[in-house]
Amino acid sequence: MQPVSGFNFHVYFSPPAPESNALDAGDTLAAATGIASGTVNSANGVGFAEVHGINSEMEVEEYREGGRNIGARRFPKWGRYPNLVLRRGITDSTFLWDWWADVMSHSFTLATTNAPPRRNGVILLENTSHNTVAGWFFANAMPERLTGPGLNARSSEIAIETLELAHEGLLRLPASNLPATV
């Protein structure tokens, strides 16, 4: 198998939903397949020029066992998921700004305990024939930072906005669960 170029991808979001336990309950494939299978006839896809942060990390705890002088034992402690950073040129779509406003307008007071709307999502990578070859599912995402473009009248650069998503998990999807083409 040849490595795939990283330039042909799509990002799809679920409708706003309460927090999902898909990663904890093992329902990840069902949730991801639901989002990915709706991509052909759905307007939930948002085009981006760049996606960064498709990685996960594990915190490791060391235990120095008495009598074991060759080194400390190491045990997994917590998984960490850095923010996904998505960049795109400005369009007439206000999807990202509407989601941001929706999250910002939710408050955590004693009178209202509604959590801000979160979304699950799928990132699908295609080969040059537009067949999906890789996919990643992210859970319980909400915008942490939304940055508008820097404007400069003396430049002809494309106006870029950046969205940083805080999320609670990222999993690589098996190829058998990916849609054939989008």
# chains A, B, ... in the order shown; residues from 1 in each chain; ligands from 1
$ residues_around --residues "A:Met104" --least-positions-apart "3" --cutoff "10 Å" --atoms "only C-alpha atoms" --output "ChimeraX atom specification"
/A:98-101,107,116-117,143-144
$ residues_around --residues "stretch 54-68 of chain A" --least-positions-apart "5" --cutoff "8 Å" --atoms "only C-alpha atoms" --output "list in words"
Arg73, Arg74, Phe75, Pro76, Lys77, Trp78, Gly79, Arg80, Tyr81, Pro82, Leu84 and Leu170 of chain A
$ select_by_dssp --residues "stretch 81-162 of chain A" --states "alpha helix (DSSP H)" --output "ChimeraX atom specification"
/A:95-105
$ residues_around --residues "A:Gly89" --least-positions-apart "6" --cutoff "8 Å" --atoms "only C-alpha atoms" --output "PDB file with C-alpha atoms, in the first residue's frame"
ATOM      1  CA  PHE A  48     -11.166  23.231   6.024  1.00  0.00           C
ATOM      2  CA  ALA A  49      -7.772  23.935   4.518  1.00  0.00           C
ATOM      3  CA  ILE A 158      -6.964  34.755   1.712  1.00  0.00           C
ATOM      4  CA  ALA A 159      -8.812  35.648   4.926  1.00  0.00           C
ATOM      5  CA  ILE A 160      -8.391  32.639   7.247  1.00  0.00           C
ATOM      6  CA  GLU A 161     -10.355  31.780  10.376  1.00  0.00           C
TER       7      GLU A 161
END
$ closest_residue --among "A:Ala115, A:Thr147, A:Ala32, A:Ala134" --to "A:Leu86" --atoms "only C-alpha atoms"
A:Thr147
